[in-house]
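Undergrad: Can you read through this structure? Questions will come right after.
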Number of protein chains: 2
Amino acid sequence: MDSNTTIRALAALAQEHRLAAFRLLVQAGEAGLSAGAIAEAVGAPASSMSFHLAQLSHAGLIRQKRQSRSLIYSADYAAMGGLMAYLTENCCGGQSCAPATSCETQNDTERNAA
Amino acid sequence: MDSNTTIRALAALAQEHRLAAFRLLVQAGEAGLSAGAIAEAVGAPASSMSFHLAQLSHAGLIRQKRQSRSLIYSADYAAMGGLMAYLTENCCGGQSCAPATSCETQNDTERNAA
DNA sequence: TCGATGATTCGATAATTATGGAAATATGGA
DNA sequence: TCCATATTTCCATAATTATCGAATCATCGA
C-alpha cells in the first residue's frame, strides 16, 4: 500500500457516519448489510449514506454486491489489513504501536519491517 | 480512545503533507525535528506547515517543545498506539488486520483497551 | 536596545467535502 | 406492462479545509 492509497483510506474513515458504517460492516462480517440497513443504523438519509458508501468503496475498504433489489456492502478485511500494515511500518517506528494481537496463535511470522 | 478522538487522528493523518511530516517525526524519534526542518523536508511553505503541525498537535499525535528559537516537534507514540488499538478493536473484527508485529519481544503486555 | 532568526497568526481566497430532497435507474412481483 | 421497493445520481447549497504571503510574536546575541 502506497501513501496515496493510505491517505484515501484514512480520509474515508475520518468521518463520523463513515466510521460508524465501517465498524458496522466489520461486525456484520462476510454477510454484509444493505445500504438501507446501514443508513438506518447510522441515522443518515439514504442519499447521504450513498455518498459516504461510495467514498469507502472508492478507498477500497468495502465491497458491493447486488442481491435482488438490495445492494449489499461488506468490509474488505484485506484492505484494512493493508492500512494497518502501512501504519505499523511507517508510523510506529518500532515503538510497538500495534497492541500485540493474537501473539499466541503464531510466532513464526517473522517480518523485516523497514 | 473514543470515536471522536479517533476521527480527529485519522483526519490529521489523511493529508499528504501531514502524513509525510508524521512519518518523518516517527523516524526522528524522541529528539524530534524543528518546524523549519519539517517544512523544508516536506516541501511546504512555513505558514502552511505550521497550519498542518497544529492539526497534528490538536489531534494529540505530536508534541511541541521550545528549544531556544526553534520549536521542536516529536511524535507521540502512545497516541499513535491508541489509534492502532482503536482500529484493531473496532475495525478489524478479529480477522487479524494487525500484521503480527514484535511478538518475540513481549508476551506479558496484556491490554484491556475498551 | 537593536537586529536577525525561527515560527506562528492573520486574512483573503481557493478547493474540497458534506448535506439532503428530488429525479432517475434497477429489480422483482402481480 | 405497471407498480412498489431499493438505491443511486443530480443539483444546489452549506460547511469545512487548504494555501500562502504579509504581519506579528518570541528568543537570542552583540
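We label chains A, B, ... in the order they appear in the C-alpha cells, count residues from 1 in each chain, and number ligands from 1 in the order shown.
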Find the residues near region 7-10 of chain D: any atom within 12 Å, counting only C-alpha atoms (C1' of nucleotides), skip ones fewer than 3 places away on the same chain, and give them as a short mmCIF file (atom, residue, chain, number, x, y, z; two decimals) with N, CA and C atoms (P, O5', C5', C4', C3', O3' and C1' of nucleotides), in the first residue's frame.

TA:
data_model
loop_
_atom_site.label_atom_id
_atom_site.label_comp_id
_atom_site.auth_asym_id
_atom_site.auth_seq_id
_atom_site.Cartn_x
_atom_site.Cartn_y
_atom_site.Cartn_z
N SER A 34 -27.28 -4.27 3.83
CA SER A 34 -27.79 -3.49 2.72
C SER A 34 -27.58 -2.00 2.98
N ALA A 35 -27.58 -1.23 1.89
CA ALA A 35 -27.40 0.22 2.01
C ALA A 35 -28.46 0.81 2.93
N GLY A 36 -29.69 0.35 2.78
CA GLY A 36 -30.77 0.87 3.60
C GLY A 36 -30.57 0.57 5.07
N ALA A 37 -30.15 -0.65 5.38
CA ALA A 37 -29.92 -1.04 6.76
C ALA A 37 -28.83 -0.19 7.38
N ALA A 39 -27.90 2.87 6.40
CA ALA A 39 -28.39 4.23 6.55
C ALA A 39 -29.26 4.36 7.80
N PRO A 45 -29.75 10.12 5.99
CA PRO A 45 -30.63 9.97 4.82
C PRO A 45 -29.98 9.09 3.78
N ALA A 46 -30.79 8.40 3.02
CA ALA A 46 -30.29 7.44 2.04
C ALA A 46 -29.28 8.07 1.08
N SER A 47 -29.57 9.25 0.59
CA SER A 47 -28.67 9.83 -0.41
C SER A 47 -27.33 10.21 0.22
N SER A 48 -27.37 10.68 1.44
CA SER A 48 -26.11 11.00 2.12
C SER A 48 -25.29 9.74 2.35
N MET A 49 -25.97 8.70 2.82
CA MET A 49 -25.26 7.45 3.10
C MET A 49 -24.67 6.89 1.82
N SER A 50 -25.41 7.02 0.75
CA SER A 50 -24.92 6.51 -0.53
C SER A 50 -23.61 7.21 -0.90
N PHE A 51 -23.58 8.50 -0.68
CA PHE A 51 -22.37 9.28 -0.93
C PHE A 51 -21.21 8.74 -0.08
N HIS A 52 -21.48 8.50 1.18
CA HIS A 52 -20.41 8.03 2.07
C HIS A 52 -19.96 6.62 1.72
N LEU A 53 -20.90 5.76 1.37
CA LEU A 53 -20.53 4.39 0.99
C LEU A 53 -19.66 4.42 -0.27
N ALA A 54 -19.95 5.37 -1.15
CA ALA A 54 -19.13 5.49 -2.35
C ALA A 54 -17.69 5.87 -2.00
N ARG A 66 -24.85 -6.90 -5.62
CA ARG A 66 -26.30 -6.77 -5.67
C ARG A 66 -26.95 -8.09 -5.28
N GLN A 67 -28.00 -7.96 -4.50
CA GLN A 67 -28.77 -9.14 -4.10
C GLN A 67 -30.24 -8.76 -4.28
N SER A 68 -30.76 -9.14 -5.40
CA SER A 68 -32.12 -8.75 -5.74
C SER A 68 -32.18 -7.22 -5.79
N ARG A 69 -33.11 -6.62 -5.09
CA ARG A 69 -33.20 -5.17 -5.17
C ARG A 69 -32.17 -4.45 -4.28
N SER A 70 -31.60 -5.19 -3.35
CA SER A 70 -30.69 -4.54 -2.41
C SER A 70 -29.24 -4.57 -2.86
N LEU A 71 -28.51 -3.56 -2.46
CA LEU A 71 -27.06 -3.59 -2.65
C LEU A 71 -26.45 -3.88 -1.29
N ILE A 72 -25.73 -4.97 -1.25
CA ILE A 72 -25.14 -5.43 0.00
C ILE A 72 -23.68 -5.00 0.06
P DG C 20 -28.51 16.02 6.34
"O5'" DG C 20 -29.53 16.10 5.13
"C5'" DG C 20 -30.04 17.37 4.76
"C4'" DG C 20 -30.86 17.24 3.49
"C3'" DG C 20 -31.71 15.95 3.43
"O3'" DG C 20 -32.91 16.24 2.76
"C1'" DG C 20 -30.35 16.06 1.58
P DG C 21 -34.26 15.63 3.25
"O5'" DG C 21 -35.26 16.10 2.10
"C5'" DG C 21 -35.38 17.50 1.83
"C4'" DG C 21 -35.53 17.73 0.32
"C3'" DG C 21 -36.60 16.85 -0.33
"O3'" DG C 21 -37.31 17.67 -1.26
"C1'" DG C 21 -34.53 16.50 -1.40
P DA C 22 -38.63 17.08 -2.00
"O5'" DA C 22 -38.09 16.86 -3.48
"C5'" DA C 22 -37.48 17.95 -4.17
"C4'" DA C 22 -37.00 17.47 -5.54
"C3'" DA C 22 -38.01 16.59 -6.27
"O3'" DA C 22 -37.95 16.91 -7.65
"C1'" DA C 22 -35.99 15.42 -6.00
P DA C 23 -38.97 16.17 -8.67
"O5'" DA C 23 -37.98 15.34 -9.59
"C5'" DA C 23 -36.90 16.01 -10.24
"C4'" DA C 23 -35.96 14.99 -10.86
"C3'" DA C 23 -36.65 13.97 -11.77
"O3'" DA C 23 -35.88 13.82 -12.95
"C1'" DA C 23 -35.41 12.85 -10.09
P DA C 24 -36.36 12.82 -14.12
"O5'" DA C 24 -35.33 11.62 -13.95
"C5'" DA C 24 -33.94 11.89 -14.05
"C4'" DA C 24 -33.15 10.62 -13.75
"C3'" DA C 24 -33.56 9.41 -14.60
"O3'" DA C 24 -32.38 8.79 -15.09
"C1'" DA C 24 -33.64 8.85 -12.31
P DT C 25 -32.50 7.60 -16.14
"O5'" DT C 25 -32.09 6.33 -15.29
"C5'" DT C 25 -30.81 6.28 -14.65
"C4'" DT C 25 -30.71 5.01 -13.85
"C3'" DT C 25 -31.13 3.75 -14.61
"O3'" DT C 25 -30.08 2.79 -14.50
"C1'" DT C 25 -32.19 3.82 -12.51
P DA C 26 -30.16 1.40 -15.25
"O5'" DA C 26 -30.60 0.42 -14.07
"C5'" DA C 26 -29.72 0.23 -12.98
"C4'" DA C 26 -30.31 -0.79 -12.02
"C3'" DA C 26 -30.81 -2.07 -12.71
"O3'" DA C 26 -30.37 -3.16 -11.93
"C1'" DA C 26 -32.56 -1.14 -11.42
P DT C 27 -30.41 -4.65 -12.53
"O5'" DT C 27 -31.58 -5.31 -11.68
"C5'" DT C 27 -31.50 -5.25 -10.26
"C4'" DT C 27 -32.83 -5.61 -9.67
"C3'" DT C 27 -33.47 -6.86 -10.26
"O3'" DT C 27 -33.47 -7.85 -9.24
"C1'" DT C 27 -35.05 -5.13 -9.88
#

Undergrad: Once chain B is best-fit onto chain A by all Cα atoms in order, what RMSD in Å is left?

TA: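 The C-alpha RMSD comes out at 1.3 Å.
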
Undergrad: Where in chain A does DSSP assign alpha helix (DSSP H), given as a VMD selection string?

TA: chain A and resid 3 to 13 16 to 28 35 to 42 46 to 58 77 to 91

Undergrad: Please indicate the distance in Å from C1' of DA4 (chain D) to CA of Ala41 (chain A), rounded to one decimal place.

TA: 23.1 Å

Undergrad: What lies within 12 Å of DT13 (chain C) using only C-alpha atoms (C1' of nucleotides), ignoring chain neighbours under 3 positions off, as a count of residues only?

TA: 3

Undergrad: If we count only C-alpha atoms (C1' of nucleotides), which residues of chain C reach to within 10 Å of chain B? Please list them as a PDB file with C-alpha atoms (C1' of nucleotides), in the first residue's frame.

TA:
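Listing of out.pdb after writing:
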ATOM      1  C1'  DT C   5      16.279  34.359  13.081  1.00  0.00           C
ATOM      2  C1'  DG C   6      12.564  30.847  13.730  1.00  0.00           C
ATOM      3  C1'  DA C   7       7.938  30.291  13.912  1.00  0.00           C
ATOM      4  C1'  DT C   8       3.018  31.441  14.369  1.00  0.00           C
ATOM      5  C1'  DT C   9      -1.175  34.062  13.427  1.00  0.00           C
TER       6       DT C   9
END

Undergrad: In Å to one decimal, how far is CA of Cys91 (chain A) from CA of Gly81 (chain B)?

TA: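 It comes out at 9.7 Å.
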
Undergrad: Hey, list the chain D side of the contact with chain B: 12 Å cut-off, only C-alpha atoms (C1' of nucleotides), answer as a ChimeraX atom specification.

TA: /D:17-22,25-29

Undergrad: Would you save the residues of that selection, restricted to N, CA and C atoms (P, O5', C5', C4', C3', O3' and C1' of nucleotides), as a PDB file, in the first residue's frame?

TA:
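Once written, again.pdb looks like this:
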ATOM      1  P    DT D  17     -12.788  20.484   9.123  1.00  0.00           P
ATOM      2  O5'  DT D  17     -11.807  20.793   7.907  1.00  0.00           O
ATOM      3  C5'  DT D  17     -11.918  20.012   6.732  1.00  0.00           C
ATOM      4  C4'  DT D  17     -10.904  20.458   5.717  1.00  0.00           C
ATOM      5  C3'  DT D  17      -9.509  20.714   6.276  1.00  0.00           C
ATOM      6  O3'  DT D  17      -8.627  20.009   5.436  1.00  0.00           O
ATOM      7  C1'  DT D  17     -10.221  22.553   4.996  1.00  0.00           C
ATOM      8  P    DA D  18      -7.048  20.060   5.639  1.00  0.00           P
ATOM      9  O5'  DA D  18      -6.589  21.067   4.495  1.00  0.00           O
ATOM     10  C5'  DA D  18      -6.816  20.708   3.142  1.00  0.00           C
ATOM     11  C4'  DA D  18      -6.177  21.715   2.212  1.00  0.00           C
ATOM     12  C3'  DA D  18      -4.718  22.048   2.520  1.00  0.00           C
ATOM     13  O3'  DA D  18      -4.003  21.985   1.300  1.00  0.00           O
ATOM     14  C1'  DA D  18      -6.022  24.038   2.446  1.00  0.00           C
ATOM     15  P    DT D  19      -2.446  22.250   1.238  1.00  0.00           P
ATOM     16  O5'  DT D  19      -2.358  23.787   0.817  1.00  0.00           O
ATOM     17  C5'  DT D  19      -3.047  24.219  -0.337  1.00  0.00           C
ATOM     18  C4'  DT D  19      -2.729  25.673  -0.610  1.00  0.00           C
ATOM     19  C3'  DT D  19      -1.306  26.075  -0.229  1.00  0.00           C
ATOM     20  O3'  DT D  19      -0.647  26.582  -1.366  1.00  0.00           O
ATOM     21  C1'  DT D  19      -2.899  27.611   0.644  1.00  0.00           C
ATOM     22  P    DC D  20       0.921  26.741  -1.388  1.00  0.00           P
ATOM     23  O5'  DC D  20       1.135  28.233  -0.872  1.00  0.00           O
ATOM     24  C5'  DC D  20       0.557  29.316  -1.590  1.00  0.00           C
ATOM     25  C4'  DC D  20       0.755  30.604  -0.816  1.00  0.00           C
ATOM     26  C3'  DC D  20       2.136  30.715  -0.158  1.00  0.00           C
ATOM     27  O3'  DC D  20       2.556  32.071  -0.263  1.00  0.00           O
ATOM     28  C1'  DC D  20       0.479  31.089   1.411  1.00  0.00           C
ATOM     29  P    DG D  21       4.022  32.375  -0.786  1.00  0.00           P
ATOM     30  O5'  DG D  21       4.035  33.968  -0.678  1.00  0.00           O
ATOM     31  C5'  DG D  21       3.114  34.724  -1.461  1.00  0.00           C
ATOM     32  C4'  DG D  21       2.584  35.903  -0.664  1.00  0.00           C
ATOM     33  C3'  DG D  21       3.671  36.746  -0.007  1.00  0.00           C
ATOM     34  O3'  DG D  21       3.318  38.124  -0.169  1.00  0.00           O
ATOM     35  C1'  DG D  21       2.143  35.990   1.636  1.00  0.00           C
ATOM     36  P    DA D  22       4.336  39.273   0.273  1.00  0.00           P
ATOM     37  O5'  DA D  22       3.672  39.817   1.607  1.00  0.00           O
ATOM     38  C5'  DA D  22       2.318  40.261   1.577  1.00  0.00           C
ATOM     39  C4'  DA D  22       1.871  40.644   2.971  1.00  0.00           C
ATOM     40  C3'  DA D  22       2.883  41.495   3.744  1.00  0.00           C
ATOM     41  O3'  DA D  22       2.190  42.512   4.439  1.00  0.00           O
ATOM     42  C1'  DA D  22       2.365  39.552   4.985  1.00  0.00           C
ATOM     43  P    DC D  25       1.992  41.336  18.021  1.00  0.00           P
ATOM     44  O5'  DC D  25       2.822  40.035  18.439  1.00  0.00           O
ATOM     45  C5'  DC D  25       2.185  38.754  18.434  1.00  0.00           C
ATOM     46  C4'  DC D  25       3.196  37.680  18.788  1.00  0.00           C
ATOM     47  C3'  DC D  25       4.049  38.026  20.014  1.00  0.00           C
ATOM     48  O3'  DC D  25       4.040  36.911  20.888  1.00  0.00           O
ATOM     49  C1'  DC D  25       5.409  37.372  18.187  1.00  0.00           C
ATOM     50  P    DA D  26       4.757  36.960  22.285  1.00  0.00           P
ATOM     51  O5'  DA D  26       6.083  36.137  21.997  1.00  0.00           O
ATOM     52  C5'  DA D  26       5.993  34.754  21.659  1.00  0.00           C
ATOM     53  C4'  DA D  26       7.392  34.172  21.575  1.00  0.00           C
ATOM     54  C3'  DA D  26       8.292  34.521  22.762  1.00  0.00           C
ATOM     55  O3'  DA D  26       8.943  33.322  23.145  1.00  0.00           O
ATOM     56  C1'  DA D  26       9.329  35.150  20.732  1.00  0.00           C
ATOM     57  P    DT D  27       9.843  33.238  24.446  1.00  0.00           P
ATOM     58  O5'  DT D  27      11.306  33.257  23.812  1.00  0.00           O
ATOM     59  C5'  DT D  27      11.666  32.250  22.873  1.00  0.00           C
ATOM     60  C4'  DT D  27      13.026  32.571  22.302  1.00  0.00           C
ATOM     61  C3'  DT D  27      14.076  32.940  23.344  1.00  0.00           C
ATOM     62  O3'  DT D  27      15.120  31.976  23.254  1.00  0.00           O
ATOM     63  C1'  DT D  27      14.131  34.404  21.504  1.00  0.00           C
ATOM     64  P    DC D  28      16.269  31.926  24.349  1.00  0.00           P
ATOM     65  O5'  DC D  28      17.472  32.594  23.541  1.00  0.00           O
ATOM     66  C5'  DC D  28      17.840  32.042  22.276  1.00  0.00           C
ATOM     67  C4'  DC D  28      18.801  32.998  21.576  1.00  0.00           C
ATOM     68  C3'  DC D  28      19.950  33.459  22.446  1.00  0.00           C
ATOM     69  O3'  DC D  28      21.173  33.115  21.801  1.00  0.00           O
ATOM     70  C1'  DC D  28      18.946  35.273  21.305  1.00  0.00           C
ATOM     71  P    DG D  29      22.507  33.098  22.646  1.00  0.00           P
ATOM     72  O5'  DG D  29      23.422  34.114  21.812  1.00  0.00           O
ATOM     73  C5'  DG D  29      23.370  34.095  20.381  1.00  0.00           C
ATOM     74  C4'  DG D  29      23.915  35.393  19.832  1.00  0.00           C
ATOM     75  C3'  DG D  29      25.129  35.934  20.601  1.00  0.00           C
ATOM     76  O3'  DG D  29      26.081  36.435  19.675  1.00  0.00           O
ATOM     77  C1'  DG D  29      23.404  37.555  20.579  1.00  0.00           C
TER      78       DG D  29
END

Undergrad: Quick one: of A:Leu33, A:Leu10, A:Ala75, A:Met1, who's nearest to chain B, counting only C-alpha atoms?

TA: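 Going through A:Leu33, A:Leu10, A:Ala75, A:Met1 one by one, the smallest distance to chain B is for A:Leu10.
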
Undergrad: Just checking: using only C-alpha atoms, which residue out of B:Ser74, B:Arg8, B:Gly43, B:Glu30 ends up closest to chain A?

TA: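 The closest residue to chain A is B:Arg8.
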
Undergrad: For chain B, which residue among A:His58, A:Thr5, A:Ala12, A:Arg23 is the nearest when counting only C-alpha atoms?

TA: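 Using only C-alpha atoms, the shortest distance to chain B belongs to A:Arg23.
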
Undergrad: DSSP on the backbone, strand (DSSP E or B) only: what residues of chain A does that give? Format it as a list in words.

TA: Leu33, Ser34, Ile62, Arg63, Gln64, Lys65, Arg66, Gln67, Ser70, Leu71, Ile72, Tyr73, Ser74 and Ala75 of chain A

Undergrad: Take the residues from that selection and write them out as a short mmCIF file (atom, residue, chain, number, x, y, z; two decimals), in the first residue's frame, keeping C-alpha atoms.

TA:
data_model
loop_
_atom_site.label_atom_id
_atom_site.label_comp_id
_atom_site.auth_asym_id
_atom_site.auth_seq_id
_atom_site.Cartn_x
_atom_site.Cartn_y
_atom_site.Cartn_z
CA LEU A 33 -25.51 -5.23 5.19
CA SER A 34 -27.79 -3.49 2.72
CA ILE A 62 -15.70 -2.02 1.33
CA ARG A 63 -17.22 -4.03 -1.48
CA GLN A 64 -20.63 -4.02 -3.07
CA LYS A 65 -22.75 -6.79 -4.49
CA ARG A 66 -26.30 -6.77 -5.67
CA GLN A 67 -28.77 -9.14 -4.10
CA SER A 70 -30.69 -4.54 -2.41
CA LEU A 71 -27.06 -3.59 -2.65
CA ILE A 72 -25.14 -5.43 0.00
CA TYR A 73 -21.96 -3.87 1.30
CA SER A 74 -19.26 -5.75 3.17
CA ALA A 75 -15.94 -4.84 4.72
#

Undergrad: Report, in Å with one decimal, the straight-line distance from C1' of DT24 (chain D) to C1' of DC10 (chain C).

TA: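 Computed distance, C1' of DT24 (chain D) to C1' of DC10 (chain C), equals 8.7 Å.
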
Undergrad: Nearest residue to DA18 (chain C) out of D:DA14, D:DT1, D:DA23, D:DA6, using only C-alpha atoms (C1' of nucleotides)?

TA: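 With only C-alpha atoms (C1' of nucleotides) as the atom set, the closest residue is D:DA14.
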